[in-house]
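Everything below belongs to structure-v7.txt, which stores compact mmCIF, C-alpha atoms (C1' of nucleotides).
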# COMPACT_ATOMS: atom_id res chain seq x y z
CA MET A 1 -17.98 -12.52 -14.88
CA PRO A 2 -15.08 -12.93 -17.30
CA ASP A 3 -11.66 -13.32 -15.76
CA THR A 4 -10.48 -10.07 -17.31
CA TYR A 5 -12.46 -7.98 -14.84
CA VAL A 6 -11.34 -10.09 -11.99
CA SER A 7 -7.69 -9.86 -12.86
CA ASN A 8 -7.85 -6.29 -14.05
CA PRO A 9 -6.59 -3.86 -11.47
CA SER A 10 -9.60 -1.66 -10.79
CA PHE A 11 -8.32 -1.12 -7.29
CA PHE A 12 -5.13 0.25 -8.77
CA LYS A 13 -6.98 2.60 -11.10
CA LEU A 14 -9.08 3.97 -8.26
CA ASP A 15 -5.95 4.45 -6.19
CA ALA A 16 -4.04 6.16 -9.02
CA THR A 17 -6.93 8.51 -9.84
CA LEU A 18 -7.46 9.46 -6.24
CA LYS A 19 -3.76 10.09 -5.76
CA LYS A 20 -3.71 12.30 -8.83
CA ILE A 21 -6.64 14.34 -7.53
CA ARG A 22 -5.20 14.57 -4.03
CA ASN A 23 -1.83 15.72 -5.34
CA TYR A 24 -3.39 18.31 -7.58
CA TRP A 25 -5.48 19.68 -4.75
CA GLN A 26 -2.55 19.84 -2.36
CA LYS A 27 -0.28 21.54 -4.87
CA THR A 28 -2.98 24.07 -5.67
CA PHE A 29 -3.51 24.79 -1.96
CA ASP A 30 0.25 25.19 -1.53
CA ALA A 31 0.62 27.38 -4.62
CA HIS A 32 -2.01 29.71 -3.18
CA CYS A 33 -0.46 29.58 0.30
CA LYS A 34 -3.65 28.24 1.88
CA GLU A 35 -1.72 26.37 4.57
CA ILE A 36 -4.16 23.50 4.72
CA THR A 37 -4.07 19.82 3.74
CA VAL A 38 -6.66 18.02 1.62
CA ASP A 39 -8.02 16.07 4.57
CA GLN A 40 -8.10 19.14 6.77
CA TRP A 41 -10.18 20.75 4.04
CA LEU A 42 -12.62 17.83 4.09
CA LEU A 43 -13.13 18.29 7.83
CA LEU A 44 -13.42 22.05 7.40
CA GLU A 45 -16.14 21.53 4.80
CA ASN A 46 -18.08 19.16 7.04
CA LEU A 47 -17.74 21.37 10.08
CA HIS A 48 -19.00 24.31 8.07
CA LYS A 49 -21.99 22.33 6.92
CA HIS A 50 -22.91 20.71 10.23
CA LYS A 51 -21.87 23.53 12.57
CA LYS A 52 -21.54 21.58 15.82
CA ILE A 53 -20.76 17.87 15.82
CA THR A 54 -18.74 15.31 17.73
CA HIS A 55 -15.60 13.45 16.67
CA ASN A 56 -17.68 10.33 16.12
CA GLU A 57 -20.20 12.03 13.84
CA LEU A 58 -17.41 13.66 11.88
CA ALA A 59 -15.76 10.27 11.49
CA ARG A 60 -18.95 8.78 10.07
CA LEU A 61 -19.49 11.73 7.73
CA THR A 62 -15.97 11.54 6.31
CA SER A 63 -15.44 7.76 6.31
CA LYS A 64 -12.43 8.28 8.50
CA ASP A 65 -11.35 6.41 11.60
CA ILE A 66 -12.11 8.24 14.82
CA THR A 67 -8.42 8.14 15.74
CA THR A 68 -7.61 9.85 12.47
CA ILE A 69 -10.24 12.50 13.17
CA SER A 70 -8.84 13.01 16.63
CA ARG A 71 -5.39 13.74 15.25
CA ILE A 72 -6.43 15.92 12.31
CA ILE A 73 -8.66 17.97 14.61
CA GLU A 74 -5.72 18.31 17.00
CA LEU A 75 -3.75 19.99 14.21
CA MET A 76 -6.68 22.21 13.26
CA VAL A 77 -7.14 23.31 16.87
CA LYS A 78 -3.46 24.25 16.99
CA LYS A 79 -3.97 26.32 13.83
CA GLY A 80 -6.93 28.06 15.47
CA LEU A 81 -9.44 26.75 12.92
CA VAL A 82 -11.48 24.56 15.26
CA LEU A 83 -12.79 24.84 18.81
CA ARG A 84 -13.38 21.88 21.10
CA GLU A 85 -16.18 22.25 23.62
CA ALA A 86 -17.16 19.69 26.26
CA ALA A 87 -20.80 18.60 26.06
CA GLN A 88 -22.96 19.57 29.04
CA ASN A 89 -25.16 16.51 29.40
CA ASP A 90 -22.57 13.83 28.49
CA ARG A 91 -19.08 14.39 29.77
CA ARG A 92 -17.63 11.86 27.34
CA LYS A 93 -18.63 13.92 24.32
CA VAL A 94 -16.76 16.84 22.82
CA PHE A 95 -18.48 19.15 20.36
CA LEU A 96 -16.43 20.55 17.51
CA GLN A 97 -17.07 23.79 15.68
CA LEU A 98 -15.25 26.22 13.44
CA THR A 99 -13.72 29.35 14.93
CA PRO A 100 -14.20 32.66 13.08
CA LEU A 101 -10.78 31.99 11.56
CA GLY A 102 -12.01 28.55 10.50
CA ASN A 103 -15.02 30.11 8.78
CA GLU A 104 -12.77 32.61 7.02
CA LYS A 105 -10.53 29.79 5.85
CA TYR A 106 -13.55 27.96 4.46
CA LYS A 107 -14.70 30.98 2.47
CA ASP A 108 -11.13 31.60 1.35
CA VAL A 109 -10.44 28.08 0.07
CA ARG A 110 -13.84 27.11 -1.31
CA PRO A 111 -13.53 28.88 -4.69
CA LEU A 112 -10.31 26.97 -5.37
CA VAL A 113 -12.07 23.70 -4.64
CA LEU A 114 -14.96 24.50 -6.98
CA GLU A 115 -12.49 25.34 -9.75
CA MET A 116 -10.59 22.09 -9.21
CA ARG A 117 -13.77 20.01 -9.26
CA LYS A 118 -14.68 21.60 -12.55
CA THR A 119 -11.26 20.78 -13.93
CA GLY A 120 -11.59 17.13 -12.95
CA TRP A 121 -15.06 16.83 -14.51
CA LYS A 122 -14.20 18.55 -17.76
CA ASP A 123 -15.52 16.61 -20.81
CA LEU A 124 -17.75 14.45 -18.61
CA THR A 125 -21.53 14.55 -18.64
CA GLU A 126 -24.26 14.35 -16.06
CA LYS A 127 -24.79 10.75 -17.12
CA ASP A 128 -21.14 9.97 -16.45
CA TYR A 129 -21.48 11.38 -12.98
CA VAL A 130 -24.54 9.27 -12.28
CA GLU A 131 -22.81 6.18 -13.67
CA LEU A 132 -19.69 6.66 -11.59
CA THR A 133 -21.74 7.21 -8.48
CA ARG A 134 -23.84 4.15 -9.15
CA ILE A 135 -20.90 1.84 -9.84
CA LEU A 136 -18.92 3.00 -6.82
CA ASP A 137 -22.00 2.57 -4.65
CA VAL A 138 -22.48 -1.00 -5.85
CA ILE A 139 -18.84 -1.83 -5.16
CA TYR A 140 -19.06 -0.18 -1.77
CA HIS A 141 -22.09 -2.20 -0.78
CA ASN A 142 -20.74 -5.44 -2.23
CA ILE A 143 -17.97 -5.41 0.30
CA PRO A 144 -18.75 -6.89 3.71
CA MET B 1 -21.88 21.37 -16.16
CA PRO B 2 -24.58 21.90 -13.51
CA ASP B 3 -23.38 23.04 -10.13
CA THR B 4 -24.55 19.83 -8.48
CA TYR B 5 -21.65 17.86 -9.96
CA VAL B 6 -19.20 20.51 -9.04
CA SER B 7 -20.34 20.68 -5.46
CA ASN B 8 -21.03 17.01 -5.16
CA PRO B 9 -18.27 15.17 -3.39
CA SER B 10 -17.02 12.72 -6.00
CA PHE B 11 -13.60 12.88 -4.44
CA PHE B 12 -15.13 11.77 -1.19
CA LYS B 13 -16.94 8.85 -2.80
CA LEU B 14 -13.75 7.65 -4.49
CA ASP B 15 -11.91 7.93 -1.20
CA ALA B 16 -14.60 6.11 0.76
CA THR B 17 -14.82 3.27 -1.78
CA LEU B 18 -11.09 2.82 -1.92
CA LYS B 19 -10.85 2.81 1.86
CA LYS B 20 -13.58 0.19 2.04
CA ILE B 21 -11.74 -2.04 -0.46
CA ARG B 22 -8.38 -1.52 1.21
CA ASN B 23 -9.80 -2.37 4.62
CA TYR B 24 -11.52 -5.46 3.36
CA TRP B 25 -8.36 -6.69 1.66
CA GLN B 26 -6.23 -6.08 4.73
CA LYS B 27 -8.68 -7.79 7.05
CA THR B 28 -8.87 -10.77 4.72
CA PHE B 29 -5.07 -10.99 4.54
CA ASP B 30 -4.91 -10.81 8.32
CA ALA B 31 -7.67 -13.36 8.82
CA HIS B 32 -5.71 -15.80 6.66
CA CYS B 33 -2.43 -14.93 8.39
CA LYS B 34 -0.79 -13.83 5.13
CA GLU B 35 1.45 -11.35 6.94
CA ILE B 36 1.39 -8.84 4.13
CA THR B 37 -0.08 -5.38 3.62
CA VAL B 38 -2.20 -4.29 0.68
CA ASP B 39 0.54 -2.13 -0.78
CA GLN B 40 3.15 -4.82 -0.27
CA TRP B 41 0.85 -7.07 -2.26
CA LEU B 42 0.71 -4.54 -5.10
CA LEU B 43 4.50 -4.50 -5.29
CA LEU B 44 4.61 -8.28 -5.06
CA GLU B 45 2.20 -8.51 -7.98
CA ASN B 46 4.26 -6.12 -10.11
CA LEU B 47 7.54 -7.80 -9.26
CA HIS B 48 6.04 -11.14 -10.20
CA LYS B 49 4.89 -9.76 -13.53
CA HIS B 50 8.00 -7.79 -14.45
CA LYS B 51 10.61 -10.08 -12.88
CA LYS B 52 13.52 -7.66 -12.63
CA ILE B 53 12.94 -3.91 -12.39
CA THR B 54 14.32 -0.85 -10.63
CA HIS B 55 12.76 1.24 -7.86
CA ASN B 56 11.95 3.93 -10.39
CA GLU B 57 10.16 1.61 -12.78
CA LEU B 58 8.22 0.08 -9.91
CA ALA B 59 7.23 3.56 -8.79
CA ARG B 60 5.87 4.38 -12.23
CA LEU B 61 4.02 1.08 -12.51
CA THR B 62 2.31 1.51 -9.15
CA SER B 63 1.73 5.29 -9.16
CA LYS B 64 3.71 5.51 -5.96
CA ASP B 65 6.43 7.93 -4.95
CA ILE B 66 9.94 6.51 -5.25
CA THR B 67 10.55 7.21 -1.56
CA THR B 68 7.48 5.17 -0.71
CA ILE B 69 8.74 2.33 -2.92
CA SER B 70 12.12 2.51 -1.24
CA ARG B 71 10.58 2.06 2.19
CA ILE B 72 8.07 -0.63 1.29
CA ILE B 73 10.81 -2.60 -0.49
CA GLU B 74 12.97 -2.20 2.61
CA LEU B 75 10.28 -4.00 4.63
CA MET B 76 9.88 -6.69 1.98
CA VAL B 77 13.63 -7.30 1.90
CA LYS B 78 13.59 -7.71 5.68
CA LYS B 79 10.78 -10.25 5.28
CA GLY B 80 12.87 -12.13 2.72
CA LEU B 81 10.39 -11.56 -0.12
CA VAL B 82 12.56 -9.33 -2.31
CA LEU B 83 16.20 -9.27 -3.34
CA ARG B 84 18.12 -6.09 -4.20
CA GLU B 85 20.89 -6.46 -6.75
CA ALA B 86 23.21 -3.69 -7.93
CA ALA B 87 23.20 -3.14 -11.70
CA GLN B 88 26.44 -3.96 -13.49
CA ASN B 89 26.56 -1.17 -16.07
CA ASP B 90 25.10 1.64 -13.97
CA ARG B 91 26.13 1.75 -10.36
CA ARG B 92 23.28 4.08 -9.45
CA LYS B 93 20.66 1.49 -10.33
CA VAL B 94 19.41 -1.34 -8.15
CA PHE B 95 17.43 -4.20 -9.66
CA LEU B 96 14.64 -5.73 -7.62
CA GLN B 97 13.32 -9.25 -7.91
CA LEU B 98 11.30 -11.72 -5.90
CA THR B 99 13.06 -14.36 -3.85
CA PRO B 100 11.73 -17.94 -3.96
CA LEU B 101 9.86 -17.04 -0.78
CA GLY B 102 8.45 -14.00 -2.55
CA ASN B 103 7.21 -16.18 -5.40
CA GLU B 104 5.65 -18.58 -2.92
CA LYS B 105 3.92 -15.69 -1.19
CA TYR B 106 2.54 -14.51 -4.52
CA LYS B 107 1.08 -17.93 -5.33
CA ASP B 108 -0.22 -18.22 -1.79
CA VAL B 109 -2.02 -14.87 -1.69
CA ARG B 110 -3.25 -14.58 -5.29
CA PRO B 111 -6.37 -16.80 -4.91
CA LEU B 112 -7.57 -14.60 -2.07
CA VAL B 113 -7.15 -11.51 -4.23
CA LEU B 114 -9.12 -13.05 -7.11
CA GLU B 115 -11.91 -13.94 -4.71
CA MET B 116 -12.00 -10.43 -3.29
CA ARG B 117 -12.09 -8.84 -6.74
CA LYS B 118 -15.04 -11.04 -7.59
CA THR B 119 -16.79 -9.96 -4.43
CA GLY B 120 -16.32 -6.29 -5.25
CA TRP B 121 -17.62 -6.72 -8.80
CA LYS B 122 -20.65 -8.78 -7.90
CA ASP B 123 -23.80 -7.55 -9.70
CA LEU B 124 -21.76 -5.40 -12.08
CA THR B 125 -21.44 -6.05 -15.81
CA GLU B 126 -18.66 -5.85 -18.34
CA LYS B 127 -20.17 -2.56 -19.50
CA ASP B 128 -19.94 -1.17 -15.98
CA TYR B 129 -16.28 -2.07 -15.86
CA VAL B 130 -15.63 -0.33 -19.17
CA GLU B 131 -17.59 2.72 -18.03
CA LEU B 132 -15.75 3.01 -14.73
CA THR B 133 -12.41 2.67 -16.47
CA ARG B 134 -13.34 5.26 -19.06
CA ILE B 135 -14.59 7.82 -16.54
CA LEU B 136 -11.61 7.43 -14.22
CA ASP B 137 -9.27 7.75 -17.19
CA VAL B 138 -10.92 10.99 -18.28
CA ILE B 139 -10.67 12.42 -14.77
CA TYR B 140 -7.06 11.30 -14.54
CA HIS B 141 -6.12 13.01 -17.76
CA ASN B 142 -8.13 16.13 -17.01
CA ILE B 143 -5.85 16.88 -14.11
CA PRO B 144 -2.62 18.74 -14.89
C1' DT C 1 -26.99 -0.37 44.37
C1' DA C 2 -23.11 -2.95 42.50
C1' DG C 3 -21.24 -4.79 38.48
C1' DC C 4 -20.83 -5.12 33.70
C1' DA C 5 -21.33 -3.67 29.01
C1' DA C 6 -21.42 0.12 25.80
C1' DT C 7 -19.83 4.58 24.22
C1' DA C 8 -16.52 8.75 23.42
C1' DG C 9 -12.21 9.86 22.93
C1' DT C 10 -6.90 9.55 23.37
C1' DT C 11 -2.34 7.37 22.96
C1' DG C 12 1.11 3.80 21.19
C1' DT C 13 2.79 1.65 17.20
C1' DA C 14 3.31 0.49 12.32
C1' DT C 15 2.49 1.56 7.50
C1' DT C 16 1.87 4.55 3.51
C1' DA C 17 2.47 9.24 1.37
C1' DG C 18 5.06 13.07 -0.40
C1' DC C 19 8.25 16.96 -0.29
C1' DA C 20 13.00 18.64 0.47
C1' DA C 21 17.63 17.77 0.93
C1' DC C 22 21.21 14.77 0.47
C1' DT C 23 24.90 11.21 -1.72
C1' DA C 24 26.58 8.85 -5.56
C1' DT C 25 27.00 8.04 -10.24
C1' DA C 26 26.43 8.96 -15.20
C1' DA C 27 26.05 11.95 -19.18
C1' DG C 28 26.62 16.11 -21.71
C1' DT C 29 29.40 20.25 -22.77
C1' DA C 30 32.78 24.10 -22.88
C1' DT D 1 39.62 17.33 -18.93
C1' DA D 2 36.87 20.18 -15.82
C1' DC D 3 32.32 21.71 -14.99
C1' DT D 4 27.51 21.35 -15.12
C1' DT D 5 23.35 18.86 -15.40
C1' DA D 6 20.59 14.80 -15.02
C1' DT D 7 19.43 10.46 -12.88
C1' DA D 8 18.92 6.69 -9.03
C1' DG D 9 18.20 6.13 -4.65
C1' DT D 10 18.15 7.20 0.59
C1' DT D 11 17.09 9.90 4.76
C1' DG D 12 14.58 13.51 7.53
C1' DC D 13 10.34 15.40 8.40
C1' DT D 14 5.31 15.83 8.63
C1' DA D 15 0.71 14.04 7.75
C1' DA D 16 -2.91 10.51 7.27
C1' DT D 17 -4.42 5.70 8.29
C1' DA D 18 -5.82 1.83 11.19
C1' DC D 19 -5.58 -1.47 14.85
C1' DA D 20 -5.01 -2.34 19.81
C1' DA D 21 -5.07 -0.85 24.29
C1' DC D 22 -6.21 2.50 27.38
C1' DT D 23 -9.17 6.18 30.39
C1' DA D 24 -13.43 8.16 31.48
C1' DT D 25 -18.18 8.26 31.49
C1' DT D 26 -22.85 6.52 30.75
C1' DG D 27 -26.42 3.02 30.55
C1' DC D 28 -28.21 -1.46 31.57
C1' DT D 29 -29.33 -5.09 34.59
C1' DA D 30 -29.20 -8.53 38.22

In structure tokens, how does this file's structure come out?
Amino acid sequence: MPDTYVSNPSFFKLDATLKKIRNYWQKTFDAHCKEITVDQWLLLENLHKHKKITHNELARLTSKDITTISRIIELMVKKGLVLREAAQNDRRKVFLQLTPLGNEKYKDVRPLVLEMRKTGWKDLTEKDYVELTRILDVIYHNIP
Amino acid sequence: MPDTYVSNPSFFKLDATLKKIRNYWQKTFDAHCKEITVDQWLLLENLHKHKKITHNELARLTSKDITTISRIIELMVKKGLVLREAAQNDRRKVFLQLTPLGNEKYKDVRPLVLEMRKTGWKDLTEKDYVELTRILDVIYHNIP
DNA sequence: TAGCAATAGTTGTATTAGCAACTATAAGTA
DNA sequence: TACTTATAGTTGCTAATACAACTATTGCTA
């Protein structure tokens, strides 16, 4: 591998792109008074999809630390979006699920998210999507 | 664009990959007792390259908020890596530059970074690098 | 059964992130 | 010159991140 790749800041480009996306999403949420953060949205999306899961499972699904999950969920419980429910057969576990308000919020915010994804992918093809996915997967699995 | 791309979590994959890289870098720094964070390294790298720049310029170069720069630099000054120097002709400006210790730190950490970049790019080609760069650039510029 | 390891989750602490509000200085304009 | 606007940077606040240390519970094993 030529030194140019090695010295070229791909990490930086990933970081800058992600920050741009994150900022755009947050500003759009704010502009539409959705009162939700980008990461809270990610948890909302996963809770909507998986219905009833634990902190640990949510952490694995979102690539977030379980302590981070614990704190974001705390905020979402305070907002009335999420319900914590102790598991019957294992008193260490806590099941998480969306409240009716949480489900409403999901339906309310989702169209915005679809629009924003479209905006980001404008002028890119299916092949580009496959390529990006492939390359990121290789990088991900290269790292111990 | 088919709905699969729109609904597919490319944001999530970017986030997960970046987190994986960031974690790996930090753990490697820690394992070698470099006493530096990933973002402090990014500033160190830019200060080494540009010698003498302001907070604002550093913010633009790193895609970071100027408040974030201000606080990271604060920590680096405390560590003796960076020197703040008031500009002569404009008393609002502060020039930043590496101390001799900062330059040492750069030379000390850089080999680790090169190694880690190689690890991440293992099994990927020059074409992959160009593709990734191109796609991320398009996404970046798609976003208002 | 007693003891130890593993698992689920929380709390403490430090770092990064970004917005709003602030001070200080410089530049442009009536 | 006086007033307004723009620029450079800091501070307050809230959120997300990650490691370490902790509690509580479960499972394994001698």

message: Distance limit 10 Å, atoms considered: all atoms listed in the file. Which chain A residues sit that close to chain D? Return them as a list in words.
response: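 Residues passing the distance filter: Thr37, Asp39, Lys64, Asp65, Ile66, Thr67, Thr68, Ile69, Arg71, Ile72, Leu75, Asp90, Arg91, Arg92 and Lys93 of chain A.
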
query: Quick one: which residues from chain B are at most 7 Å off chain A, using all atoms listed in the file, as number ranges by chain?
result: B: 6-7, 14-18, 20, 63, 114, 117-122, 128, 132, 135-136, 139-140, 142-143

task: Would you work out the distance separating CA of Lys27 in chain B from CA of Leu112 in chain B, expressed in Å to one decimal?
output: 11.4 Å

message: as a list in words, could you give me every residue of chain C near chain A (at most 10 Å apart, counting all atoms listed in the file)?
response: DT7, DA8, DG9, DT10, DT11, DA17 and DG18 of chain C

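What separates CA of Ile53 in chain B from CA of Val109 in chain B is a distance of 21.4 Å.
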
query: Mind listing as a list in words all residues within 10 Å of (12.5, -7.7, -8.8), counting all atoms listed in the file?
result: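 Residues lying no farther than 10 Å from the given point: Leu43, Leu44, Asn46, Leu47, His48, Lys49, His50, Lys51, Lys52, Ile53, Thr54, His55, Leu58, Ile73, Leu81, Val82, Leu83, Arg84, Glu85, Val94, Phe95, Leu96, Gln97, Leu98, Thr99 and Gly102 of chain B.
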
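Put simply, CA of Asp30 in chain B is 15.3 Å away from CA of Tyr106 in chain B.
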
message: Could you check the closest approach to Gly80 in chain B for each of B:Lys127, B:His32, B:Lys105, B:Glu45 and tell me which residue wins, using only C-alpha atoms?
response: B:Lys105

For range 38-58 of chain A, supply N, CA and C atoms and format the output as an mmCIF file, in the coordinates of the input.
data_model
loop_
_atom_site.group_PDB
_atom_site.id
_atom_site.type_symbol
_atom_site.label_atom_id
_atom_site.label_comp_id
_atom_site.auth_asym_id
_atom_site.auth_seq_id
_atom_site.Cartn_x
_atom_site.Cartn_y
_atom_site.Cartn_z
ATOM 1 N N VAL A 38 -5.425 18.452 2.269
ATOM 2 C CA VAL A 38 -6.660 18.020 1.620
ATOM 3 C C VAL A 38 -7.638 17.476 2.658
ATOM 4 N N ASP A 39 -7.129 16.682 3.576
ATOM 5 C CA ASP A 39 -8.020 16.070 4.570
ATOM 6 C C ASP A 39 -8.506 17.094 5.586
ATOM 7 N N GLN A 40 -7.645 18.056 5.898
ATOM 8 C CA GLN A 40 -8.100 19.140 6.770
ATOM 9 C C GLN A 40 -9.225 19.920 6.085
ATOM 10 N N TRP A 41 -9.108 20.085 4.775
ATOM 11 C CA TRP A 41 -10.180 20.750 4.040
ATOM 12 C C TRP A 41 -11.492 19.970 4.132
ATOM 13 N N LEU A 42 -11.410 18.655 4.009
ATOM 14 C CA LEU A 42 -12.620 17.830 4.090
ATOM 15 C C LEU A 42 -13.321 18.022 5.439
ATOM 16 N N LEU A 43 -12.535 18.074 6.505
ATOM 17 C CA LEU A 43 -13.130 18.290 7.830
ATOM 18 C C LEU A 43 -13.697 19.711 7.935
ATOM 19 N N LEU A 44 -12.963 20.662 7.387
ATOM 20 C CA LEU A 44 -13.420 22.050 7.400
ATOM 21 C C LEU A 44 -14.780 22.164 6.721
ATOM 22 N N GLU A 45 -14.911 21.509 5.572
ATOM 23 C CA GLU A 45 -16.140 21.530 4.800
ATOM 24 C C GLU A 45 -17.306 20.937 5.608
ATOM 25 N N ASN A 46 -17.030 19.814 6.251
ATOM 26 C CA ASN A 46 -18.080 19.160 7.040
ATOM 27 C C ASN A 46 -18.444 19.953 8.284
ATOM 28 N N LEU A 47 -17.454 20.564 8.894
ATOM 29 C CA LEU A 47 -17.740 21.370 10.080
ATOM 30 C C LEU A 47 -18.517 22.633 9.699
ATOM 31 N N HIS A 48 -18.250 23.144 8.517
ATOM 32 C CA HIS A 48 -19.000 24.310 8.070
ATOM 33 C C HIS A 48 -20.449 23.961 7.799
ATOM 34 N N LYS A 49 -20.642 22.768 7.267
ATOM 35 C CA LYS A 49 -21.990 22.330 6.920
ATOM 36 C C LYS A 49 -22.808 21.957 8.158
ATOM 37 N N HIS A 50 -22.167 21.283 9.105
ATOM 38 C CA HIS A 50 -22.910 20.710 10.230
ATOM 39 C C HIS A 50 -22.767 21.498 11.524
ATOM 40 N N LYS A 51 -21.968 22.565 11.461
ATOM 41 C CA LYS A 51 -21.870 23.530 12.570
ATOM 42 C C LYS A 51 -21.285 22.954 13.866
ATOM 43 N N LYS A 52 -21.944 22.000 14.481
ATOM 44 C CA LYS A 52 -21.540 21.580 15.820
ATOM 45 C C LYS A 52 -21.723 20.069 15.957
ATOM 46 N N ILE A 53 -20.655 19.323 15.764
ATOM 47 C CA ILE A 53 -20.760 17.870 15.820
ATOM 48 C C ILE A 53 -19.619 17.272 16.621
ATOM 49 N N THR A 54 -19.757 16.001 16.935
ATOM 50 C CA THR A 54 -18.740 15.310 17.730
ATOM 51 C C THR A 54 -17.709 14.633 16.815
ATOM 52 N N HIS A 55 -16.619 14.175 17.410
ATOM 53 C CA HIS A 55 -15.600 13.450 16.670
ATOM 54 C C HIS A 55 -16.209 12.252 15.942
ATOM 55 N N ASN A 56 -17.046 11.528 16.671
ATOM 56 C CA ASN A 56 -17.680 10.330 16.120
ATOM 57 C C ASN A 56 -18.522 10.630 14.882
ATOM 58 N N GLU A 57 -19.345 11.676 14.977
ATOM 59 C CA GLU A 57 -20.200 12.030 13.840
ATOM 60 C C GLU A 57 -19.349 12.455 12.651
ATOM 61 N N LEU A 58 -18.304 13.207 12.935
ATOM 62 C CA LEU A 58 -17.410 13.660 11.880
ATOM 63 C C LEU A 58 -16.716 12.464 11.210
#
